[in-house]
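Structure data (compact mmCIF, C-alpha atoms) from my_file.txt:
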```txt
# COMPACT_ATOMS: atom_id res chain seq x y z
CA MET C 1 89.63 0.50 -31.15
CA ILE C 2 90.30 -3.07 -30.03
CA PHE C 3 86.68 -3.52 -28.95
CA ILE C 4 85.42 -2.23 -32.30
CA ALA C 5 87.66 -4.67 -34.17
CA ALA C 6 86.55 -7.55 -31.93
CA PHE C 7 82.88 -6.62 -32.39
CA LEU C 8 83.27 -6.58 -36.17
CA LEU C 9 84.94 -9.99 -36.12
CA VAL C 10 82.16 -11.47 -33.97
CA LEU C 11 79.60 -9.89 -36.28
CA THR C 12 81.33 -11.40 -39.30
CA ARG C 13 81.31 -14.91 -37.82
CA SER C 14 77.67 -14.56 -36.78
CA SER C 15 76.67 -13.42 -40.26
CA GLY C 16 78.29 -16.53 -41.76
CA ILE C 17 75.40 -18.79 -40.70
CA PHE C 18 72.96 -16.49 -42.52
CA LEU C 19 74.58 -17.26 -45.87
CA ILE C 20 73.76 -20.93 -46.35
CA SER C 21 72.43 -22.61 -43.19
CA PRO C 22 68.90 -24.04 -43.14
CA PHE C 23 66.20 -21.52 -42.21
CA PHE C 24 68.65 -18.74 -41.32
CA GLY C 25 70.09 -18.64 -44.84
CA SER C 26 66.74 -18.91 -46.65
CA MET C 27 66.43 -16.63 -49.64
CA ASN C 28 62.82 -15.78 -48.78
CA ILE C 29 63.98 -14.09 -45.56
CA PRO C 30 64.73 -10.42 -46.40
CA ILE C 31 68.39 -9.45 -46.30
CA MET C 32 67.61 -6.59 -43.93
CA PHE C 33 66.01 -8.99 -41.44
CA ARG C 34 68.98 -11.35 -41.64
CA ALA C 35 71.38 -8.44 -41.11
CA LEU C 36 69.43 -7.24 -38.06
CA ALA C 37 69.33 -10.78 -36.68
CA SER C 38 73.08 -11.09 -37.12
CA VAL C 39 73.65 -7.81 -35.27
CA SER C 40 71.29 -8.96 -32.51
CA PHE C 41 73.19 -12.23 -32.12
CA THR C 42 76.45 -10.29 -31.95
CA LEU C 43 75.17 -7.96 -29.25
CA VAL C 44 74.27 -10.99 -27.11
CA ILE C 45 77.39 -13.03 -27.84
CA PHE C 46 80.00 -10.25 -27.74
CA PRO C 47 80.15 -9.80 -23.93
CA LEU C 48 80.89 -13.51 -23.54
CA VAL C 49 83.56 -13.44 -26.22
CA ASP C 50 85.15 -10.26 -24.92
CA ALA C 51 85.37 -11.73 -21.43
CA ALA C 52 87.11 -14.86 -22.69
CA THR C 53 89.44 -13.58 -25.40
CA TYR C 54 91.65 -10.66 -26.20
CA VAL C 55 92.18 -9.57 -29.77
CA GLU C 56 95.22 -7.61 -30.77
CA PHE C 57 94.27 -5.04 -33.37
CA PRO C 58 96.15 -5.78 -36.63
CA SER C 59 98.84 -3.40 -37.73
CA THR C 60 97.68 -3.30 -41.36
CA MET C 61 94.31 -3.28 -43.07
CA LEU C 62 95.33 -6.34 -45.09
CA MET C 63 95.79 -8.37 -41.91
CA PHE C 64 92.43 -7.21 -40.62
CA LEU C 65 90.84 -8.27 -43.92
CA GLY C 66 92.38 -11.70 -43.44
CA MET C 67 90.87 -11.89 -39.96
CA ILE C 68 87.45 -10.99 -41.37
CA LEU C 69 87.67 -13.69 -44.03
CA GLU C 70 88.73 -16.24 -41.43
CA GLU C 71 85.80 -15.45 -39.15
CA LEU C 72 83.38 -15.47 -42.09
CA PHE C 73 84.71 -18.88 -43.10
CA ILE C 74 84.07 -20.33 -39.63
CA GLY C 75 80.46 -19.12 -39.61
CA TRP C 76 79.98 -20.29 -43.19
CA ILE C 77 81.29 -23.76 -42.32
CA ILE C 78 78.77 -24.09 -39.48
CA GLY C 79 75.96 -23.25 -41.88
CA LEU C 80 77.36 -25.44 -44.65
CA VAL C 81 77.64 -28.55 -42.49
CA ALA C 82 74.02 -28.03 -41.45
CA PHE C 83 73.02 -27.54 -45.08
CA ILE C 84 74.66 -30.81 -46.11
CA SER C 85 71.94 -32.78 -44.32
CA PHE C 86 69.28 -30.92 -46.30
CA ALA C 87 71.22 -31.53 -49.50
CA ALA C 88 70.79 -35.25 -48.81
CA ILE C 89 67.04 -34.68 -48.53
CA ASN C 90 67.02 -32.90 -51.88
CA LEU C 91 68.93 -35.82 -53.41
CA ALA C 92 66.37 -38.25 -52.03
CA GLY C 93 63.58 -36.18 -53.56
CA LYS C 94 65.30 -36.18 -56.96
CA VAL C 95 65.71 -39.96 -56.89
CA MET C 96 62.07 -40.42 -55.93
CA ASP C 97 60.89 -38.05 -58.66
CA MET C 98 62.90 -39.91 -61.28
CA GLN C 99 61.41 -43.24 -60.23
CA VAL C 100 57.83 -42.03 -59.87
CA GLY C 101 57.84 -40.01 -63.09
CA PHE C 102 57.96 -36.45 -61.76
CA ALA C 103 61.51 -35.76 -62.94
CA ILE C 104 60.28 -33.23 -65.49
CA VAL C 105 58.17 -31.40 -62.88
CA ASN C 106 60.15 -28.81 -60.91
CA VAL C 107 58.92 -26.12 -58.55
CA MET C 108 60.61 -22.92 -57.44
CA ASP C 109 61.96 -23.21 -53.91
CA PRO C 110 61.76 -19.77 -52.25
CA THR C 111 64.27 -20.78 -49.56
CA SER C 112 67.10 -21.39 -52.05
CA GLY C 113 65.92 -19.50 -55.13
CA GLN C 114 66.38 -22.60 -57.30
CA GLN C 115 64.12 -25.11 -59.00
CA ILE C 116 63.89 -28.39 -57.11
CA PRO C 117 61.89 -31.58 -57.74
CA LEU C 118 58.27 -31.83 -56.62
CA ILE C 119 58.76 -34.56 -53.99
CA GLY C 120 62.09 -33.01 -53.03
CA SER C 121 60.32 -29.72 -52.27
CA PHE C 122 57.80 -31.53 -50.08
CA LEU C 123 60.48 -33.43 -48.16
CA TYR C 124 62.67 -30.33 -47.78
CA ASN C 125 59.88 -28.12 -46.44
CA LEU C 126 58.77 -30.90 -44.09
CA ALA C 127 62.35 -31.19 -42.82
CA VAL C 128 62.57 -27.42 -42.23
CA MET C 129 59.29 -27.47 -40.25
CA THR C 130 60.56 -30.42 -38.23
CA LEU C 131 63.81 -28.55 -37.55
CA LEU C 132 61.90 -25.55 -36.22
CA ILE C 133 59.42 -27.61 -34.18
CA THR C 134 62.24 -29.53 -32.49
CA ASN C 135 64.20 -26.29 -31.86
CA GLY C 136 66.98 -27.43 -34.17
CA HIS C 137 67.68 -23.83 -35.12
CA HIS C 138 68.54 -23.23 -31.46
CA MET C 139 71.21 -25.91 -31.79
CA ILE C 140 72.73 -24.05 -34.74
CA ILE C 141 72.87 -20.88 -32.64
CA ALA C 142 74.37 -22.88 -29.76
CA ALA C 143 77.01 -24.24 -32.14
CA LEU C 144 77.85 -20.67 -33.12
CA VAL C 145 78.30 -19.66 -29.48
CA GLU C 146 80.34 -22.79 -28.77
CA SER C 147 82.61 -22.00 -31.73
CA PHE C 148 83.89 -18.92 -29.89
CA ARG C 149 84.99 -21.15 -27.02
CA GLU C 150 86.60 -23.72 -29.30
CA ILE C 151 88.08 -21.23 -31.78
CA PRO C 152 88.83 -17.83 -30.23
CA LEU C 153 89.07 -14.84 -32.55
CA TRP C 154 92.04 -14.93 -34.93
CA SER C 155 93.12 -18.42 -33.87
CA MET C 156 91.77 -20.83 -36.51
CA GLN C 157 94.21 -23.57 -37.49
CA TRP C 158 93.90 -25.01 -40.99
CA ASN C 159 94.93 -28.67 -41.37
CA GLU C 160 94.44 -31.66 -43.65
CA THR C 161 92.19 -33.37 -41.13
CA PHE C 162 89.46 -30.84 -41.84
CA VAL C 163 89.68 -31.52 -45.58
CA ASN C 164 89.30 -35.27 -45.06
CA LEU C 165 86.46 -34.68 -42.62
CA PHE C 166 84.64 -32.43 -45.07
CA VAL C 167 85.01 -35.07 -47.79
CA ASP C 168 83.37 -37.58 -45.45
CA PHE C 169 80.51 -35.15 -44.82
CA THR C 170 79.85 -34.61 -48.52
CA SER C 171 80.10 -38.30 -49.33
CA GLY C 172 77.42 -38.92 -46.71
CA ILE C 173 74.95 -36.94 -48.85
CA PHE C 174 74.54 -39.89 -51.23
CA THR C 175 74.29 -42.46 -48.43
CA THR C 176 71.67 -40.54 -46.45
CA GLY C 177 69.72 -39.61 -49.57
CA MET C 178 69.51 -43.22 -50.76
CA LYS C 179 68.38 -44.36 -47.30
CA ILE C 180 65.48 -41.91 -47.47
CA ALA C 181 64.57 -42.81 -51.07
CA MET C 182 64.98 -46.57 -50.72
CA PRO C 183 61.34 -47.50 -49.84
CA VAL C 184 59.86 -45.67 -52.83
CA THR C 185 62.68 -46.80 -55.12
CA PHE C 186 62.22 -50.44 -54.12
CA ALA C 187 58.44 -50.23 -54.61
CA ILE C 188 58.87 -48.81 -58.11
CA LEU C 189 61.40 -51.55 -58.87
CA MET C 190 58.82 -54.18 -57.94
CA VAL C 191 56.29 -52.43 -60.18
CA ASN C 192 58.75 -52.53 -63.07
CA VAL C 193 59.36 -56.23 -62.48
CA GLY C 194 55.61 -56.86 -62.49
CA MET C 195 55.18 -54.80 -65.65
CA GLY C 196 57.95 -56.78 -67.31
CA ILE C 197 56.19 -60.05 -66.48
CA LEU C 198 52.86 -58.68 -67.81
CA ALA C 199 54.55 -57.53 -71.00
CA ARG C 200 55.75 -61.08 -71.60
CA THR C 201 52.50 -62.81 -70.71
CA MET C 202 50.16 -60.24 -72.32
CA PRO C 203 51.91 -58.76 -75.38
CA GLN C 204 48.70 -57.09 -76.58
CA MET C 205 48.62 -54.80 -73.51
CA ASN C 206 50.20 -51.35 -73.97
CA ILE C 207 52.63 -51.45 -71.09
CA PHE C 208 53.59 -47.76 -71.38
CA VAL C 209 50.01 -46.56 -71.01
CA VAL C 210 49.55 -48.68 -67.89
CA GLY C 211 53.04 -48.25 -66.44
CA ILE C 212 53.22 -44.47 -66.14
CA PRO C 213 50.06 -43.97 -64.01
CA MET C 214 50.94 -47.12 -62.04
CA HIS C 215 54.31 -45.57 -61.11
CA ILE C 216 52.58 -42.41 -59.90
CA ILE C 217 49.93 -44.26 -57.89
CA VAL C 218 52.40 -46.62 -56.23
CA GLY C 219 54.93 -43.82 -55.62
CA ILE C 220 52.41 -41.51 -53.93
CA PHE C 221 51.02 -44.41 -51.88
CA MET C 222 54.47 -45.44 -50.67
CA LEU C 223 55.38 -41.82 -49.93
CA SER C 224 52.27 -41.47 -47.74
CA VAL C 225 53.24 -44.67 -45.93
CA VAL C 226 56.86 -43.70 -45.25
CA VAL C 227 56.26 -40.04 -44.21
CA PRO C 228 55.81 -40.90 -40.48
CA PHE C 229 58.99 -42.98 -40.58
CA TYR C 230 60.72 -40.18 -42.52
CA ILE C 231 59.99 -37.74 -39.70
CA MET C 232 61.43 -40.25 -37.23
CA PHE C 233 64.50 -40.65 -39.44
CA LEU C 234 64.96 -36.88 -39.44
CA ASP C 235 65.77 -37.16 -35.74
CA VAL C 236 68.75 -39.34 -36.65
CA VAL C 237 69.76 -36.97 -39.46
CA PHE C 238 69.61 -33.91 -37.21
CA ASP C 239 71.56 -35.63 -34.42
CA ALA C 240 74.28 -36.46 -36.96
CA MET C 241 74.15 -32.85 -38.20
CA TYR C 242 74.74 -31.44 -34.71
CA GLY C 243 77.60 -33.87 -34.16
CA ASN C 244 79.19 -32.99 -37.51
CA ILE C 245 79.03 -29.27 -36.73
CA SER C 246 80.74 -29.80 -33.38
CA LEU C 247 83.35 -32.06 -35.00
CA ALA C 248 84.08 -29.55 -37.78
CA VAL C 249 84.54 -26.72 -35.26
CA LYS C 250 86.85 -28.79 -33.08
CA THR C 251 88.91 -29.73 -36.14
CA LEU C 252 89.59 -26.05 -36.83
CA ALA C 253 90.41 -25.30 -33.20
CA PRO C 254 94.01 -24.39 -32.31
```
Taking this structure as input, can you express it in the form of structure tokens?
Amino acid sequence: MIFIAAFLLVLTRSSGIFLISPFFGSMNIPIMFRALASVSFTLVIFPLVDAATYVEFPSTMLMFLGMILEELFIGWIIGLVAFISFAAINLAGKVMDMQVGFAIVNVMDPTSGQQIPLIGSFLYNLAVMTLLITNGHHMIIAALVESFREIPLWSMQWNETFVNLFVDFTSGIFTTGMKIAMPVTFAILMVNVGMGILARTMPQMNIFVVGIPMHIIVGIFMLSVVVPFYIMFLDVVFDAMYGNISLAVKTLAP
């Protein structure tokens, strides 16, 4: 009975990363496939966990439910911290779309089931491909395995440090997003300055007719220029993501 309870707890923590983490939590991946993947992870991880920890079976079903929610929260946090980096990419895409003139154009993102900006969809999908090419999804799995060493079953400790740390993570969404969007935003700002000067020197020119296509042309050109540097910047973003996951897990450790 103890082994069954321990297996269910490991399964619950493993399934947490399939709720929201990049790639693993994508909505376009069938639920059945995600469930089978979670069971497969558990079958591989469980012998290591069972050898390192001992779980006392709870005396009541309510206590066991609390254990399940705790383990689900740990897995969900691992996925959420990883997702925060991609939220910054979505923010950068929204800022770029607003500056270029694509703010009214949204596309359906199959990975999240929501409508996201056009440039944001491009940057997000490029980031997911980069994550897979660089084996970043392996790092998320490694973080899950490491969490069982840092936080054994039924031993999570909640403290205020985690709350402050999570606030820092979420506040970094704006900082990272603006760093990614800064080249395009600055280029559009220079275009607006130039258009303002032309409007003063040539009042007969319809600035709105010229300005809208100029924003699109300059925005797409700058985006094509910064894409190689964006991929290089993703290396920094992913390194910070791995560090944040490890830091969040250690904060919840007993």
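Counting all atoms listed in the file, the residue from C:Ile78, C:Ala240, C:Ala142, C:Leu65 that sits nearest to C:Phe41 is C:Ala142.
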List as a VMD selection string the residues having at least one atom at most 12 Å from position (62.3, -26.5, -51.0) as given in the file, counting only C-alpha atoms. chain C and resid 22 to 23 26 to 28 86 to 87 89 to 91 93 to 94 106 to 129
Hey, can you spit out that residue selection with C-alpha atoms as a tab-separated table (two decimals), in the frame of the given file?
```tsv
chain	number	residue	atom	x	y	z
C	22	PRO	CA	68.90	-24.04	-43.14
C	23	PHE	CA	66.20	-21.52	-42.21
C	26	SER	CA	66.74	-18.91	-46.65
C	27	MET	CA	66.43	-16.63	-49.64
C	28	ASN	CA	62.82	-15.78	-48.78
C	86	PHE	CA	69.28	-30.92	-46.30
C	87	ALA	CA	71.22	-31.53	-49.50
C	89	ILE	CA	67.04	-34.68	-48.53
C	90	ASN	CA	67.02	-32.90	-51.88
C	91	LEU	CA	68.93	-35.82	-53.41
C	93	GLY	CA	63.58	-36.18	-53.56
C	94	LYS	CA	65.30	-36.18	-56.96
C	106	ASN	CA	60.15	-28.81	-60.91
C	107	VAL	CA	58.92	-26.12	-58.55
C	108	MET	CA	60.61	-22.92	-57.44
C	109	ASP	CA	61.96	-23.21	-53.91
C	110	PRO	CA	61.76	-19.77	-52.25
C	111	THR	CA	64.27	-20.78	-49.56
C	112	SER	CA	67.10	-21.39	-52.05
C	113	GLY	CA	65.92	-19.50	-55.13
C	114	GLN	CA	66.38	-22.60	-57.30
C	115	GLN	CA	64.12	-25.11	-59.00
C	116	ILE	CA	63.89	-28.39	-57.11
C	117	PRO	CA	61.89	-31.58	-57.74
C	118	LEU	CA	58.27	-31.83	-56.62
C	119	ILE	CA	58.76	-34.56	-53.99
C	120	GLY	CA	62.09	-33.01	-53.03
C	121	SER	CA	60.32	-29.72	-52.27
C	122	PHE	CA	57.80	-31.53	-50.08
C	123	LEU	CA	60.48	-33.43	-48.16
C	124	TYR	CA	62.67	-30.33	-47.78
C	125	ASN	CA	59.88	-28.12	-46.44
C	126	LEU	CA	58.77	-30.90	-44.09
C	127	ALA	CA	62.35	-31.19	-42.82
C	128	VAL	CA	62.57	-27.42	-42.23
C	129	MET	CA	59.29	-27.47	-40.25
```
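Compared by their closest atoms to C:Asp97, and using only C-alpha atoms, the residues C:Met232, C:Ile2, C:Ile188, C:Asn206 rank with C:Ile188 nearest.
One finds atom CA of C:Met214 at 18.0 Å from atom CA of C:Met182.
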Tell me which protein, DNA and RNA residues are within 9 Å of C:Arg34, counting only C-alpha atoms, leaving out same-chain ones fewer than 6 positions away, and put them as a VMD selection string. chain C and resid 15 18 24 to 25
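Considering the residues C:Met32, C:Leu43, C:Val249, C:Ala187 and counting all atoms listed in the file, C:Phe7 has its shortest atom-to-atom contact with C:Leu43.
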Could you name the residues that touch C:Phe64 at 12 Å or less, counting only C-alpha atoms, but leaving out those on the same chain fewer than 2 positions away, as a PyMOL selection string? chain C and resi 2+4-6+8-9+12+55-62+66-71+153-154
If I take atom CA of C:Gly172 and atom CA of C:Ile245, how far is one from the other in Å, to one decimal? 14.0 Å
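Atom CA of C:Val44 sits 15.7 Å away from atom CA of C:Ile17.
With only C-alpha atoms as the basis for measurement, C:Val100 is the residue among C:Val100, C:Leu252, C:Leu72, C:Ile173 that approaches C:Ile220 most closely.
Proximity ranking of C:Leu247, C:Val237, C:Ile74, C:Leu19 relative to C:Lys179 places C:Val237 first, based on all atoms listed in the file.
The protein and nucleic acid residues lying at most 9 Å from C:Ala248 are Ile77, Ile78, Val81, Phe162, Leu165 and Phe166 of chain C, with only C-alpha atoms considered and sequence neighbours fewer than 6 positions away removed.
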As AutoDock Vina command-line options, what would the box around stretch 208-212 of chain C look like: edges along x, y and z, 5 Å added on every side, centre and edge lengths in Å to one decimal?
```
--center_x 51.6 --center_y -46.6 --center_z -68.8 --size_x 14.0 --size_y 14.2 --size_z 15.2
```
The residue from C:Met195, C:Val39, C:Ile20, C:Ile31 with the smallest atom-to-atom distance to C:Ile84, counting all atoms listed in the file, is C:Ile20
